[in-house]
Amino acid sequence: MALKLADMRTEVHNDWCPGCGDFGILSAVQMALADMGLNREDSVVVSGIGCSAKLVHYTNVTGIHTLHGRPLPFATGVKLANPHLNVVVVGGDGDGLGIGAGHFVNGGRRNVDMLYIIHDNGVYGLTKGQASPTLKLGEQTKSLVYPNITSSINPLVLAMACGYTFVARGYSFNVQHLKKLIREGIEHNGSAFIDVLQPCPTYNDINSKEWYNGEDRAEENSGKALPRVYSIEADGYDGHVDTAKGRDSEKVMLEAMRRAVEWGDRIPIGVFYSNDEIPTYEERMHHRVPEYMDVPPAKQRISDNRKKPIADITPFMDELGV
Amino acid sequence: MKENRLQWCIGGAQGSGVDTSANIFSRACAEGGLWVAGKREYYSNIKGEHSYFVVRVSDTMVEAMLEGIDILATFDEETVARHFDEVRKGGAIIYDPSLSQKKTDDIHTLDARIKLELAERFRQEGGVTIKTLLDDAAARGVNVYPVPYGTLLNSISSRTGERRQAILGRMVNVLAVSASFWLLHYDLDELNSSIEHVFGGRKKLSEPNKVAAAVAYEYMKGNFKESAEYRLRKVEKKEKRMLLNGNQAIALGKLASGLRFQTYYPITPAADESMYLEKFERFSMNDSDEKGNLMVVQTEDEISAITMAIGGALSGARSSTCTSGPGFSLMAEGIGWAGINEVPVVITDYQRAGPSTGMPTRHEQGDLKFALYGGHGDFPKIVLASGDLEESFYDANHAFNFAERYQLPVIHIVDKAMANTTMTLPYFDPARMNIDRGLFLGDGTPFVIEEGKEYERFKITENGISPRVPIGTPGGIFWNTGDEHTELGHITEDPILRDRMMDKRMGKLDLALKEIPEDEQFHYYGQENPDLLVVSWGSTKGSILEAMGKLEGKKIGFLQIRLIRPFPSEAVTRIIKSAGRVAVMEMNYVGQLADIMAEYTGHLAEYRIVKFNGRPITVDEAYRSMKQIVEGKSEKRVVLTYGA
Ligand SMILES: Cc1ncc(C[n+]2csc(CCOP(=O)(O)OP(=O)(O)O)c2C)c(N)n1
Ligand code: SF4
Ligand SMILES: [Mg+2]
């Protein structure tokens, strides 16, 4: 039975600030999960710590709200022990690119089949607005005593360099577009990463909804706002790797990186890079262990009906025998 | 004549084959029905620093080490300089006579402190010659055997046609082992069979090494009189035995116990466990033709290792990680998360000398307090300490059973001495294990929830344990969070619910203490109402037991505490009250168990016998310190210092 959006909501009181971009991401995640026709129990959302991470409590699938910076390794364990689960990871930009940056890098190397969404708001929301790793050098958001003294990370370029095989950017106030990206990210076979531009009206007064929408600049004649955010697909860009057709990964990635550094007056969203020619961690494992997908670690019998061990360790003891 | 009881030592530069020699020696003894226990000492270094291996051989099972060496096999000057003093009267040193004029000051890897002490003792300018040291040993009644390795290698070369120095050079290992066996009147056949096994049947390696064995044996025979002091003789083996180390024992225990998901980040001396487990990626099953599989993941750090293992457990696999000091410190936050979310996960901590990087390859039992108290806030975890390799195999299963039955992290605490002890043991018997998954409803147990109700992962129940389902269970959607939570697993800061949840979680420790059989909580050895009660934990067990045997006639009891959290306060108090003097013996500076025992029993032990120089407590040290206490001559705090 197809699920409705309402089935994806919990009764937990949502305590995000009014106008927070997190609401759009929540809706997009719920809509994508409902649309995909999966059973609720087949999906699990794993989050870190931050405003963003509370998303799991508002979503009616199994939700694992973990530690600051650690959602990726938690989720990797969940997925590798049972590769049949649909695993979605969410977290803040501080969570994933600051304290959890090591996991971010190594997550790409593994290419485990799951989707990772970063709520990119430029600040540490839950700790009251300090600079996050995506806040640009020299910018001074509301809570900062001085302008930001450190440079920023470009999450898209980093993701591609690390080996994520699907790299996209969404905008939390373009929910339909984001929903499509999330669905594509889940359906992608491998580690997918979506950086979501998420205004934090409480602490980030620079990268606000109004700013993304270009309300500070208007078309001369009509007086209509000139949005900064635009879709690269609508711009004719295609980030899919297809080596047979001459679009090898290096070529696509270089082009994607060039597009990804665009910022300021024009901010691209969409799929920058997508490559399904690289085997996932699970496929590499399956290649070595043919039983892995049928009976992964979480699905194995470990004892007989008398509760006795069934792994036969005798051959290994024989190897050590004297 | 000492028959079938001795300690043999081989030393040399790391990477020069010391381990291989010790392995060949141990195996040859073990194949001949003798019992061995070998201790490996090495620097945190890959090539060049001094390492040595002491193998104790006996006709009964042994696990602890004695002081002193009976036969010292050397092929470099440093081994002579470091160990000549340890060789007993009547014992033997095998050495390369071409090194006689080498001076201690020229040995780059020898500690300045040792050089200085030798220079002062022998009053020689510019360092002491190897000859001086050997003469000193000989004057004490040690037999010295010059074995010209170079000449012997030449004859191997002409017999085998092997000309490559790199290959020939490695054969000094077998020369030293073979020369030792000649001294001990031990059969060359046993040595040859061991060589074949150690070189894995690769004839290209085993054949020339067998030639080397014969060359050394013949040389000894032609040049020396047989030793009248020592002899090794084959004895009959009554049961099937293995030769294995602590990493292997625990890995086997984990596999048998149902481990299917292991994560790790490389660290000494824990990593060997995971690398050995990787060999079990596919394995046979007892009761079907299917193949089982075990996934081992090398992670980017220990934070990832613990959190990934927790993830595996949430999906329903028996999951664990293993680490040592620095990595264990990094895991603290993750272990707390497992505590508040009631996730069964096993952490095997191989303690090594801390703090910080400390002495990475040396022994200590310094993590006990951290294992008990590490992590912020109060949460339940079980800390289980094994006393030897055999216990550690079965304890691996206890660890998983406790983890699943009480739904909490279990720290299985062992140490470097166990990891790097290689000993003979009878085959393990996995049928002695029972696999208890507690209220886990993921292994086919039918799962029903009442109409109109949601599954409550943290349902408050009478004994604090809530039914647990793996992620992906139909009808079993749940939430976890490191925040305090409701029965559904959603965040709460409600003071009443907070109290209930804390009671629910912490109460599981009381339950565990009530349910876990006494034999898994502690072992008591020796006489009732002892004059001296020695309390200890972990790998000191072997030395203490053997020392007790030597103190026959004295009323001594030994309490080996195995379950340290929850602490068996009542039983321990009862035993303490039954005893005269109480001493706690352990391998750390402050006497961590002594403190913990005081906390839980209110009893401050009168004596603390501690050691923290990185080398395990010997049988002799245990013996002397216990004897001093019994005779009323001991200080209250005794620091043991033996070891090279
Ligand atoms: C180990 C650790 N250090 C610090 C914190 C405090 N902390 C909570 S949320 C947070 C930052 C959150 O920022 P971000 O990840 O960007 O998420 P956001 O709130 O912006 O969604 C920090 C530092 C913590 N929970 N754990
Ligand atoms: S602080 Fe910012 S990110 Fe957090 S809930 Fe409020 S608006 Fe959203
Ligand atoms: Mg943020």
# chains A, B, ... in the order shown; residues from 1 in each chain; ligands from 1
$ residues_near_ligand --ligand "ligand 3" --cutoff "6 Å" --atoms "only C-alpha atoms and all ligand atoms" --output "list in words"
Gly92, Asp93, Gly94, Asp120, Asn121, Gly122, Val123, Tyr124 and Gly125 of chain A
$ write_last_selection --atoms "all heavy atoms" --output "PDB file, in the first residue's frame"
ATOM      1  N   GLY A  92      24.213  18.337  10.347  1.00  0.00           N
ATOM      2  CA  GLY A  92      24.574  19.718  10.077  1.00  0.00           C
ATOM      3  C   GLY A  92      25.897  19.821   9.342  1.00  0.00           C
ATOM      4  O   GLY A  92      26.606  18.835   9.147  1.00  0.00           O
ATOM      5  N   ASP A  93      26.194  21.064   8.938  1.00  0.00           N
ATOM      6  CA  ASP A  93      27.477  21.289   8.262  1.00  0.00           C
ATOM      7  C   ASP A  93      28.631  21.244   9.254  1.00  0.00           C
ATOM      8  O   ASP A  93      29.733  20.803   8.934  1.00  0.00           O
ATOM      9  CB  ASP A  93      27.467  22.613   7.482  1.00  0.00           C
ATOM     10  CG  ASP A  93      26.831  23.763   8.250  1.00  0.00           C
ATOM     11  OD1 ASP A  93      26.494  23.587   9.448  1.00  0.00           O
ATOM     12  OD2 ASP A  93      26.660  24.845   7.667  1.00  0.00           O
ATOM     13  N   GLY A  94      28.367  21.652  10.485  1.00  0.00           N
ATOM     14  CA  GLY A  94      29.407  21.533  11.512  1.00  0.00           C
ATOM     15  C   GLY A  94      29.627  20.068  11.832  1.00  0.00           C
ATOM     16  O   GLY A  94      30.757  19.591  11.952  1.00  0.00           O
ATOM     17  N   ASP A 120      23.167  22.731   5.201  1.00  0.00           N
ATOM     18  CA  ASP A 120      24.261  23.699   5.098  1.00  0.00           C
ATOM     19  C   ASP A 120      23.741  25.101   5.431  1.00  0.00           C
ATOM     20  O   ASP A 120      23.200  25.792   4.578  1.00  0.00           O
ATOM     21  CB  ASP A 120      24.816  23.612   3.662  1.00  0.00           C
ATOM     22  CG  ASP A 120      26.009  24.511   3.435  1.00  0.00           C
ATOM     23  OD1 ASP A 120      26.326  25.333   4.314  1.00  0.00           O
ATOM     24  OD2 ASP A 120      26.620  24.395   2.354  1.00  0.00           O
ATOM     25  N   ASN A 121      23.903  25.488   6.698  1.00  0.00           N
ATOM     26  CA  ASN A 121      23.384  26.797   7.116  1.00  0.00           C
ATOM     27  C   ASN A 121      24.493  27.775   7.502  1.00  0.00           C
ATOM     28  O   ASN A 121      24.231  28.874   7.971  1.00  0.00           O
ATOM     29  CB  ASN A 121      22.367  26.644   8.262  1.00  0.00           C
ATOM     30  CG  ASN A 121      22.959  25.946   9.480  1.00  0.00           C
ATOM     31  OD1 ASN A 121      24.167  25.704   9.533  1.00  0.00           O
ATOM     32  ND2 ASN A 121      22.120  25.632  10.451  1.00  0.00           N
ATOM     33  N   GLY A 122      25.737  27.362   7.337  1.00  0.00           N
ATOM     34  CA  GLY A 122      26.843  28.281   7.601  1.00  0.00           C
ATOM     35  C   GLY A 122      27.125  28.538   9.069  1.00  0.00           C
ATOM     36  O   GLY A 122      28.076  29.246   9.409  1.00  0.00           O
ATOM     37  N   VAL A 123      26.306  27.971   9.934  1.00  0.00           N
ATOM     38  CA  VAL A 123      26.497  28.204  11.373  1.00  0.00           C
ATOM     39  C   VAL A 123      26.304  26.931  12.190  1.00  0.00           C
ATOM     40  O   VAL A 123      25.784  25.934  11.682  1.00  0.00           O
ATOM     41  CB  VAL A 123      25.501  29.265  11.916  1.00  0.00           C
ATOM     42  CG1 VAL A 123      25.828  30.641  11.385  1.00  0.00           C
ATOM     43  CG2 VAL A 123      24.066  28.857  11.606  1.00  0.00           C
ATOM     44  N   TYR A 124      26.739  26.983  13.415  1.00  0.00           N
ATOM     45  CA  TYR A 124      26.428  25.948  14.387  1.00  0.00           C
ATOM     46  C   TYR A 124      25.132  26.394  15.044  1.00  0.00           C
ATOM     47  O   TYR A 124      25.150  27.181  15.987  1.00  0.00           O
ATOM     48  CB  TYR A 124      27.549  25.859  15.432  1.00  0.00           C
ATOM     49  CG  TYR A 124      28.784  25.110  14.971  1.00  0.00           C
ATOM     50  CD1 TYR A 124      29.193  25.133  13.646  1.00  0.00           C
ATOM     51  CD2 TYR A 124      29.533  24.359  15.876  1.00  0.00           C
ATOM     52  CE1 TYR A 124      30.313  24.443  13.233  1.00  0.00           C
ATOM     53  CE2 TYR A 124      30.664  23.659  15.476  1.00  0.00           C
ATOM     54  CZ  TYR A 124      31.047  23.703  14.156  1.00  0.00           C
ATOM     55  OH  TYR A 124      32.162  23.013  13.750  1.00  0.00           O
ATOM     56  N   GLY A 125      24.009  25.925  14.500  1.00  0.00           N
ATOM     57  CA  GLY A 125      22.724  26.407  14.978  1.00  0.00           C
ATOM     58  C   GLY A 125      22.511  26.137  16.458  1.00  0.00           C
ATOM     59  O   GLY A 125      22.343  27.058  17.262  1.00  0.00           O
TER      60      GLY A 125
END
$ residues_near_ligand --ligand "ligand 2" --cutoff "10 Å" --atoms "only C-alpha atoms and all ligand atoms" --output "ChimeraX atom specification"
/A:14-23,50-54,92,119-129,198-204
$ select_by_dssp --residues "range 14-236 of chain A" --states "helix (DSSP H, G or I)" --output "MDAnalysis selection string"
chainID A and resid 22:35 40:42 52:58 71:81 93:99 101:110 155:162 175:187 209:212
$ closest_residue --among "B:Asp499, B:Glu606, B:Glu290, B:Glu333" --to "ligand 1" --atoms "only C-alpha atoms and all ligand atoms"
B:Glu333
$ atom_distance --atom1 "CA of Gln407 in chain B" --atom2 "CA of Asp42 in chain A"
23.2 Å
$ interface_residues --of "chain A" --to "chain B" --cutoff "8 Å" --atoms "only C-alpha atoms" --output "ChimeraX atom specification"
/A:12,40-44,56-57,60-67,70,73-82,85,102-103,106,289,291-292,296-304,307-313,317-318,320-322
$ residues_around --residues "Gly138 in chain A" --least-positions-apart "5" --cutoff "7 Å" --atoms "only C-alpha atoms" --output "PDB file with N, CA, C and O atoms, in the first residue's frame"
ATOM      1  N   PRO A 147      34.627  39.173  12.258  1.00  0.00           N
ATOM      2  CA  PRO A 147      34.384  38.457  10.999  1.00  0.00           C
ATOM      3  C   PRO A 147      35.106  37.101  11.014  1.00  0.00           C
ATOM      4  O   PRO A 147      36.162  36.973  11.650  1.00  0.00           O
ATOM      5  N   ASN A 148      34.532  36.149  10.295  1.00  0.00           N
ATOM      6  CA  ASN A 148      35.075  34.784  10.261  1.00  0.00           C
ATOM      7  C   ASN A 148      36.544  34.783   9.839  1.00  0.00           C
ATOM      8  O   ASN A 148      36.900  35.246   8.762  1.00  0.00           O
ATOM      9  N   ILE A 149      37.400  34.211  10.684  1.00  0.00           N
ATOM     10  CA  ILE A 149      38.855  34.259  10.434  1.00  0.00           C
ATOM     11  C   ILE A 149      39.352  33.042   9.655  1.00  0.00           C
ATOM     12  O   ILE A 149      40.504  32.973   9.248  1.00  0.00           O
TER      13      ILE A 149
END
$ atom_distance --atom1 "CA of Val62 in chain B" --atom2 "CA of Glu3 in chain B"
15.2 Å
$ closest_residue --among "B:Leu183, B:Met331, B:Val142, B:Val80" --to "ligand 1" --atoms "only C-alpha atoms and all ligand atoms"
B:Met331
$ closest_residue --among "B:Phe224, B:Val346, B:Leu330, B:Gly161" --to "ligand 1" --atoms "only C-alpha atoms and all ligand atoms"
B:Leu330
$ select_by_dssp --residues "range 120-285 of chain A" --states "strand (DSSP E or B)" --output "VMD selection string"
chain A and resid 120 123 to 124 130 to 131 166 to 171 191 to 197 218 225 229 to 231 240 242 247 267 to 274
$ residues_around --residues "Asp265 in chain A" --least-positions-apart "3" --cutoff "9 Å" --atoms "only C-alpha atoms" --output "list of chain:residue names"
A:Gly214, A:Pro227, A:Arg228, A:Val229, A:Glu262
$ decode --residues "range 626-637 of chain B" --atoms "all heavy atoms" --output "PDB file, in the first residue's frame"
ATOM      1  N   MET B 626      54.678 -12.085  48.312  1.00  0.00           N
ATOM      2  CA  MET B 626      53.721 -12.758  49.194  1.00  0.00           C
ATOM      3  C   MET B 626      54.425 -13.281  50.444  1.00  0.00           C
ATOM      4  O   MET B 626      53.906 -13.184  51.563  1.00  0.00           O
ATOM      5  CB  MET B 626      53.023 -13.900  48.435  1.00  0.00           C
ATOM      6  CG  MET B 626      51.958 -13.389  47.465  1.00  0.00           C
ATOM      7  SD  MET B 626      51.644 -14.463  46.044  1.00  0.00           S
ATOM      8  CE  MET B 626      50.873 -15.848  46.793  1.00  0.00           C
ATOM      9  N   LYS B 627      55.624 -13.821  50.227  1.00  0.00           N
ATOM     10  CA  LYS B 627      56.368 -14.386  51.354  1.00  0.00           C
ATOM     11  C   LYS B 627      56.702 -13.291  52.374  1.00  0.00           C
ATOM     12  O   LYS B 627      56.550 -13.493  53.581  1.00  0.00           O
ATOM     13  CB  LYS B 627      57.659 -15.023  50.819  1.00  0.00           C
ATOM     14  CG  LYS B 627      58.476 -15.784  51.826  1.00  0.00           C
ATOM     15  CD  LYS B 627      59.431 -16.730  51.092  1.00  0.00           C
ATOM     16  CE  LYS B 627      60.276 -17.540  52.046  1.00  0.00           C
ATOM     17  NZ  LYS B 627      61.428 -16.782  52.574  1.00  0.00           N
ATOM     18  N   GLN B 628      57.124 -12.148  51.857  1.00  0.00           N
ATOM     19  CA  GLN B 628      57.455 -11.026  52.755  1.00  0.00           C
ATOM     20  C   GLN B 628      56.253 -10.630  53.615  1.00  0.00           C
ATOM     21  O   GLN B 628      56.396 -10.356  54.800  1.00  0.00           O
ATOM     22  CB  GLN B 628      57.876  -9.807  51.919  1.00  0.00           C
ATOM     23  CG  GLN B 628      59.167 -10.003  51.159  1.00  0.00           C
ATOM     24  CD  GLN B 628      60.380  -9.607  51.985  1.00  0.00           C
ATOM     25  OE1 GLN B 628      60.358  -8.578  52.640  1.00  0.00           O
ATOM     26  NE2 GLN B 628      61.416 -10.411  51.968  1.00  0.00           N
ATOM     27  N   ILE B 629      55.086 -10.612  52.987  1.00  0.00           N
ATOM     28  CA  ILE B 629      53.895 -10.218  53.754  1.00  0.00           C
ATOM     29  C   ILE B 629      53.594 -11.266  54.822  1.00  0.00           C
ATOM     30  O   ILE B 629      53.364 -10.935  55.985  1.00  0.00           O
ATOM     31  CB  ILE B 629      52.676 -10.025  52.834  1.00  0.00           C
ATOM     32  CG1 ILE B 629      52.944  -8.909  51.826  1.00  0.00           C
ATOM     33  CG2 ILE B 629      51.427  -9.692  53.660  1.00  0.00           C
ATOM     34  CD1 ILE B 629      51.850  -8.718  50.791  1.00  0.00           C
ATOM     35  N   VAL B 630      53.625 -12.518  54.388  1.00  0.00           N
ATOM     36  CA  VAL B 630      53.320 -13.594  55.330  1.00  0.00           C
ATOM     37  C   VAL B 630      54.274 -13.545  56.521  1.00  0.00           C
ATOM     38  O   VAL B 630      53.886 -13.775  57.667  1.00  0.00           O
ATOM     39  CB  VAL B 630      53.420 -14.972  54.624  1.00  0.00           C
ATOM     40  CG1 VAL B 630      53.321 -16.096  55.634  1.00  0.00           C
ATOM     41  CG2 VAL B 630      52.339 -15.102  53.583  1.00  0.00           C
ATOM     42  N   GLU B 631      55.530 -13.210  56.235  1.00  0.00           N
ATOM     43  CA  GLU B 631      56.522 -13.170  57.315  1.00  0.00           C
ATOM     44  C   GLU B 631      56.531 -11.838  58.056  1.00  0.00           C
ATOM     45  O   GLU B 631      57.387 -11.598  58.915  1.00  0.00           O
ATOM     46  CB  GLU B 631      57.914 -13.470  56.736  1.00  0.00           C
ATOM     47  CG  GLU B 631      58.012 -14.912  56.246  1.00  0.00           C
ATOM     48  CD  GLU B 631      59.299 -15.197  55.483  1.00  0.00           C
ATOM     49  OE1 GLU B 631      60.074 -14.247  55.240  1.00  0.00           O
ATOM     50  OE2 GLU B 631      59.494 -16.379  55.117  1.00  0.00           O
ATOM     51  N   GLY B 632      55.601 -10.957  57.697  1.00  0.00           N
ATOM     52  CA  GLY B 632      55.471  -9.687  58.398  1.00  0.00           C
ATOM     53  C   GLY B 632      56.607  -8.720  58.108  1.00  0.00           C
ATOM     54  O   GLY B 632      56.881  -7.828  58.886  1.00  0.00           O
ATOM     55  N   LYS B 633      57.265  -8.917  56.952  1.00  0.00           N
ATOM     56  CA  LYS B 633      58.425  -8.067  56.659  1.00  0.00           C
ATOM     57  C   LYS B 633      58.170  -7.093  55.516  1.00  0.00           C
ATOM     58  O   LYS B 633      59.098  -6.448  55.048  1.00  0.00           O
ATOM     59  CB  LYS B 633      59.613  -8.960  56.256  1.00  0.00           C
ATOM     60  CG  LYS B 633      60.138  -9.855  57.368  1.00  0.00           C
ATOM     61  CD  LYS B 633      61.388 -10.570  56.855  1.00  0.00           C
ATOM     62  CE  LYS B 633      61.592 -11.904  57.536  1.00  0.00           C
ATOM     63  NZ  LYS B 633      62.301 -12.851  56.675  1.00  0.00           N
ATOM     64  N   SER B 634      56.941  -7.026  55.058  1.00  0.00           N
ATOM     65  CA  SER B 634      56.689  -6.248  53.842  1.00  0.00           C
ATOM     66  C   SER B 634      56.327  -4.802  54.128  1.00  0.00           C
ATOM     67  O   SER B 634      55.707  -4.473  55.137  1.00  0.00           O
ATOM     68  CB  SER B 634      55.549  -6.895  53.059  1.00  0.00           C
ATOM     69  OG  SER B 634      55.253  -6.153  51.921  1.00  0.00           O
ATOM     70  N   GLU B 635      56.736  -3.932  53.188  1.00  0.00           N
ATOM     71  CA  GLU B 635      56.236  -2.561  53.193  1.00  0.00           C
ATOM     72  C   GLU B 635      54.765  -2.613  52.795  1.00  0.00           C
ATOM     73  O   GLU B 635      54.311  -3.593  52.199  1.00  0.00           O
ATOM     74  CB  GLU B 635      56.985  -1.728  52.132  1.00  0.00           C
ATOM     75  CG  GLU B 635      58.488  -1.693  52.297  1.00  0.00           C
ATOM     76  CD  GLU B 635      58.913  -0.765  53.426  1.00  0.00           C
ATOM     77  OE1 GLU B 635      58.184   0.222  53.654  1.00  0.00           O
ATOM     78  OE2 GLU B 635      59.932  -1.032  54.080  1.00  0.00           O
ATOM     79  N   LYS B 636      54.063  -1.497  53.040  1.00  0.00           N
ATOM     80  CA  LYS B 636      52.644  -1.473  52.659  1.00  0.00           C
ATOM     81  C   LYS B 636      52.466  -1.320  51.152  1.00  0.00           C
ATOM     82  O   LYS B 636      51.495  -1.772  50.577  1.00  0.00           O
ATOM     83  CB  LYS B 636      51.916  -0.312  53.365  1.00  0.00           C
ATOM     84  CG  LYS B 636      51.974  -0.405  54.864  1.00  0.00           C
ATOM     85  CD  LYS B 636      51.194  -1.603  55.382  1.00  0.00           C
ATOM     86  CE  LYS B 636      51.194  -1.634  56.904  1.00  0.00           C
ATOM     87  NZ  LYS B 636      50.917  -2.963  57.442  1.00  0.00           N
ATOM     88  N   ARG B 637      53.410  -0.603  50.556  1.00  0.00           N
ATOM     89  CA  ARG B 637      53.354  -0.476  49.096  1.00  0.00           C
ATOM     90  C   ARG B 637      54.654  -1.025  48.544  1.00  0.00           C
ATOM     91  O   ARG B 637      55.732  -0.548  48.887  1.00  0.00           O
ATOM     92  CB  ARG B 637      53.196   0.981  48.666  1.00  0.00           C
ATOM     93  CG  ARG B 637      53.149   1.170  47.155  1.00  0.00           C
ATOM     94  CD  ARG B 637      52.779   2.616  46.799  1.00  0.00           C
ATOM     95  NE  ARG B 637      52.490   2.773  45.378  1.00  0.00           N
ATOM     96  CZ  ARG B 637      53.382   3.194  44.477  1.00  0.00           C
ATOM     97  NH1 ARG B 637      54.598   3.508  44.839  1.00  0.00           N
ATOM     98  NH2 ARG B 637      53.024   3.317  43.214  1.00  0.00           N
TER      99      ARG B 637
END
